[in-house]
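Asker: What follows is a structure written as structure tokens; I'll ask about it next.
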Amino acid sequence: MRASLIQVGVDQQESVNSRRERVASLVRAQTASDLVVLPELWPVGAFAFEAFEEVAEPLDGPTHQVMSAAARDAGVWLHAGSVIERAADGALYNTALVYSPDGERAAHYRKIHRFGFDQGEATLLGAGTEPVTVALPETTLGLATCYDLRFPELFRQLVDAGAQTLVIPAGWPERRRAHWSLLARARAVENQTYVLACGTGGTHAGVEQAGHSVIVDPWGEVLAEAGRDEEIISAELDPELIGKTRHVFPVLRDRVLGLPTP
Ligand SMILES: O=C(O)CCC(=O)C(=O)O
């Protein structure tokens, strides 16, 4: 199974509409892939807080229209990164969208851990409450977004629900790039899963982005890694490697659950 991550360069000189069309054509070109992944909030930029209200869209809004068509045209599973979702009650969420190769929306995931402490996303957006897995023919995806990467208990829950490939779109800042690279590999090693971590490139709202999207295998080996600019990386995933890794090194079996509080 071939996975490709499109590390979109987010530059505020480019309009949201132009970027949607440009990224859709990049997705359409990935006909050799089975699964394509985009970053967090690539239409607007994860740190462009002042634009969140203006670009907020319903689940079947403009990004959905364009990405659904792009997935269908390419015939790929598409994790279309995330958008600012305006829910029916007016609340805003950072919501990831997943499409099947026929262009149907297979799942959406509202980011559970909002970034910013008492500022930015944490004050502007609502928090998701539901971990989400998506069953593909070859593997089951576990969904998480950016800051979620710092919370291993979410990933354990996804793995317990059957996730074999953890997909993490992000808009991670360059100044904490070391954490991004370390945690992406840690999530793969501790859960014995593939990790597809797709960030943005460039600089937006004055925040230099880390890029360095990465594909990690269940043994923690880096199969492909991007630089800082817009770039597409790809790798072959072997769904059987997850079971093989867990068989030869059965660390998940050795978990001790329900210990008393010290
Ligand atoms: O945790 C971090 O250092 C970055 C998180 C972030 O930028 C986000 O969730 O948007």
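In the structure tokens, chains take letters A, B, ... by order of appearance, with residues numbered from 1 within each chain and ligands from 1 in the order shown.
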Env of Gln12 in chain A: 10 Å cut, atoms = only C-alpha atoms, seq-sep filter 4 positions within chain, self excluded. Answer as a ChimeraX atom specification.

Answerer: /A:16,19,43-45,48,202-205

Asker: Keeping only N, CA and C atoms, take the residues you just selected and write them out as a compact mmCIF listing (two decimals), in the first residue's frame.

Answerer:
```txt
# COMPACT_ATOMS: atom_id res chain seq x y z
N VAL A 16 -7.04 31.59 -0.04
CA VAL A 16 -7.54 30.27 0.37
C VAL A 16 -8.09 29.52 -0.85
N ARG A 19 -5.28 28.29 -3.05
CA ARG A 19 -4.56 27.15 -2.44
C ARG A 19 -5.42 25.88 -2.54
N PRO A 43 -5.85 25.09 4.41
CA PRO A 43 -6.47 26.17 3.63
C PRO A 43 -6.17 27.57 4.21
N VAL A 44 -6.13 27.67 5.55
CA VAL A 44 -6.01 29.01 6.17
C VAL A 44 -4.67 29.21 6.87
N GLY A 45 -4.09 28.13 7.41
CA GLY A 45 -2.89 28.23 8.24
C GLY A 45 -3.27 28.07 9.71
N ALA A 48 -3.25 31.29 11.77
CA ALA A 48 -3.91 32.50 11.23
C ALA A 48 -5.25 32.70 11.97
N GLY A 202 6.79 26.46 4.96
CA GLY A 202 6.70 27.93 4.85
C GLY A 202 6.51 28.61 6.19
N THR A 203 6.09 29.88 6.10
CA THR A 203 5.84 30.70 7.30
C THR A 203 4.51 31.39 7.11
N HIS A 204 3.62 31.30 8.09
CA HIS A 204 2.37 32.06 8.02
C HIS A 204 2.09 32.66 9.39
N ALA A 205 1.40 33.81 9.40
CA ALA A 205 1.10 34.53 10.65
C ALA A 205 2.37 34.69 11.51
```

Asker: Show me which residues are within 8 Å of ligand 1 counting only C-alpha atoms and all ligand atoms, and format the list as a PyMOL selection string.

Answerer: chain A and resi 40+46-47+113-116+121+145-150+170-173+176-177+179-180

Asker: Which of range 77-155 of chain A counts as strand (DSSP E or B) under DSSP, as a PyMOL selection string please?

Answerer: chain A and resi 77-86+92-99+105-110+133-135+140-143

Asker: Name the closest residue to Glu230 in chain A among the candidates A:Leu166, A:Ile215, A:Val189, A:Ala210; distances are taken between atoms, counting only C-alpha atoms.

Answerer: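 Going through A:Leu166, A:Ile215, A:Val189, A:Ala210 one by one, the smallest distance to Glu230 in chain A is for A:Ala210.
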
Asker: Could you tell me how far CA of Ala91 in chain A lies from CA of Gln65 in chain A, in Å and to one decimal?

Answerer: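 Atom-to-atom, CA of Ala91 in chain A to CA of Gln65 in chain A, that is 21.0 Å.
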
Asker: Excluding Arg110 in chain A and any residue of its chain fewer than 4 positions from it, enumerate the residues within 10 Å of it, using only C-alpha atoms, and give them as a PyMOL selection string.

Answerer: chain A and resi 82-85+92-97+114+126-132+143-145

Asker: For range 220-223 of chain A, find every residue with an atom within 10 Å (counting only C-alpha atoms), except residues of its own chain fewer than 3 positions away, and show them as number ranges by chain.

Answerer: A: 181, 184-195, 214-217, 233-237

Asker: Okay, now the selection with C-alpha atoms, as a PDB file, in the first residue's frame?

Answerer:
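Produced file part_22.pdb, reproduced below:
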```pdb
ATOM      1  CA  SER A 181      10.318  14.303  15.052  1.00  0.00           C
ATOM      2  CA  ALA A 184       6.232  10.893  15.770  1.00  0.00           C
ATOM      3  CA  ARG A 185       8.794   8.098  16.113  1.00  0.00           C
ATOM      4  CA  ALA A 186       7.848   7.472  19.750  1.00  0.00           C
ATOM      5  CA  ARG A 187       4.168   6.975  18.828  1.00  0.00           C
ATOM      6  CA  ALA A 188       5.223   4.428  16.165  1.00  0.00           C
ATOM      7  CA  VAL A 189       7.588   2.533  18.471  1.00  0.00           C
ATOM      8  CA  GLU A 190       5.349   2.400  21.536  1.00  0.00           C
ATOM      9  CA  ASN A 191       2.243   1.401  19.547  1.00  0.00           C
ATOM     10  CA  GLN A 192       3.994  -0.734  16.892  1.00  0.00           C
ATOM     11  CA  THR A 193       2.058   1.044  14.145  1.00  0.00           C
ATOM     12  CA  TYR A 194       2.858   3.050  11.048  1.00  0.00           C
ATOM     13  CA  VAL A 195       2.842   6.810  11.665  1.00  0.00           C
ATOM     14  CA  VAL A 214       7.602  11.861   8.193  1.00  0.00           C
ATOM     15  CA  ILE A 215       6.536   8.281   7.501  1.00  0.00           C
ATOM     16  CA  VAL A 216       7.632   5.890  10.260  1.00  0.00           C
ATOM     17  CA  ASP A 217       7.276   2.101  10.290  1.00  0.00           C
ATOM     18  CA  ILE A 233       7.002  12.233   0.310  1.00  0.00           C
ATOM     19  CA  SER A 234       5.890   8.638  -0.303  1.00  0.00           C
ATOM     20  CA  ALA A 235       6.557   5.149   1.011  1.00  0.00           C
ATOM     21  CA  GLU A 236       5.272   1.609   0.645  1.00  0.00           C
ATOM     22  CA  LEU A 237       3.487   0.375   3.783  1.00  0.00           C
TER      23      LEU A 237
END
```

Asker: Can you pull out every residue within 10 Å of range 72-80 of chain A, counting only C-alpha atoms, but drop anything in the same chain fewer than 3 positions away, and send it as a VMD selection string?

Answerer: chain A and resid 3 to 6 23 to 42 63 to 64 67 to 69 83 96 to 108 136 141 143 167 to 169

Asker: For a test of reading the model, state the distance in Å between CA of Val256 in chain A and CA of Phe151 in chain A, rounded to one decimal.

Answerer: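 So the two atoms, CA of Val256 in chain A and CA of Phe151 in chain A, lie 18.9 Å apart.
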
Asker: Quick one: residues within 10 Å of Glu53 in chain A, only C-alpha atoms, excluding same-chain residues fewer than 3 positions away - as a VMD selection string?

Answerer: chain A and resid 49 to 50 56 to 57 84 to 86 92 124 to 125

Asker: Could those selected residues go to a file with C-alpha atoms, as a short mmCIF file (atom, residue, chain, number, x, y, z; two decimals), in the first residue's frame?

Answerer:
```
data_model
loop_
_atom_site.label_atom_id
_atom_site.label_comp_id
_atom_site.auth_asym_id
_atom_site.auth_seq_id
_atom_site.Cartn_x
_atom_site.Cartn_y
_atom_site.Cartn_z
CA PHE A 49 -6.36 32.88 14.13
CA GLU A 50 -7.77 36.21 12.92
CA ALA A 56 -15.14 28.62 8.86
CA GLU A 57 -17.23 26.25 6.76
CA ILE A 84 -12.20 25.22 10.56
CA GLU A 85 -15.63 23.64 10.81
CA ARG A 86 -18.68 25.72 11.69
CA LEU A 92 -16.06 26.23 15.55
CA LEU A 124 -11.48 30.21 19.64
CA LEU A 125 -12.43 26.60 18.97
#
```

Asker: What is the distance, in Å and to one decimal place, between CA of Phe117 in chain A and CA of Pro262 in chain A?

Answerer: 28.1 Å
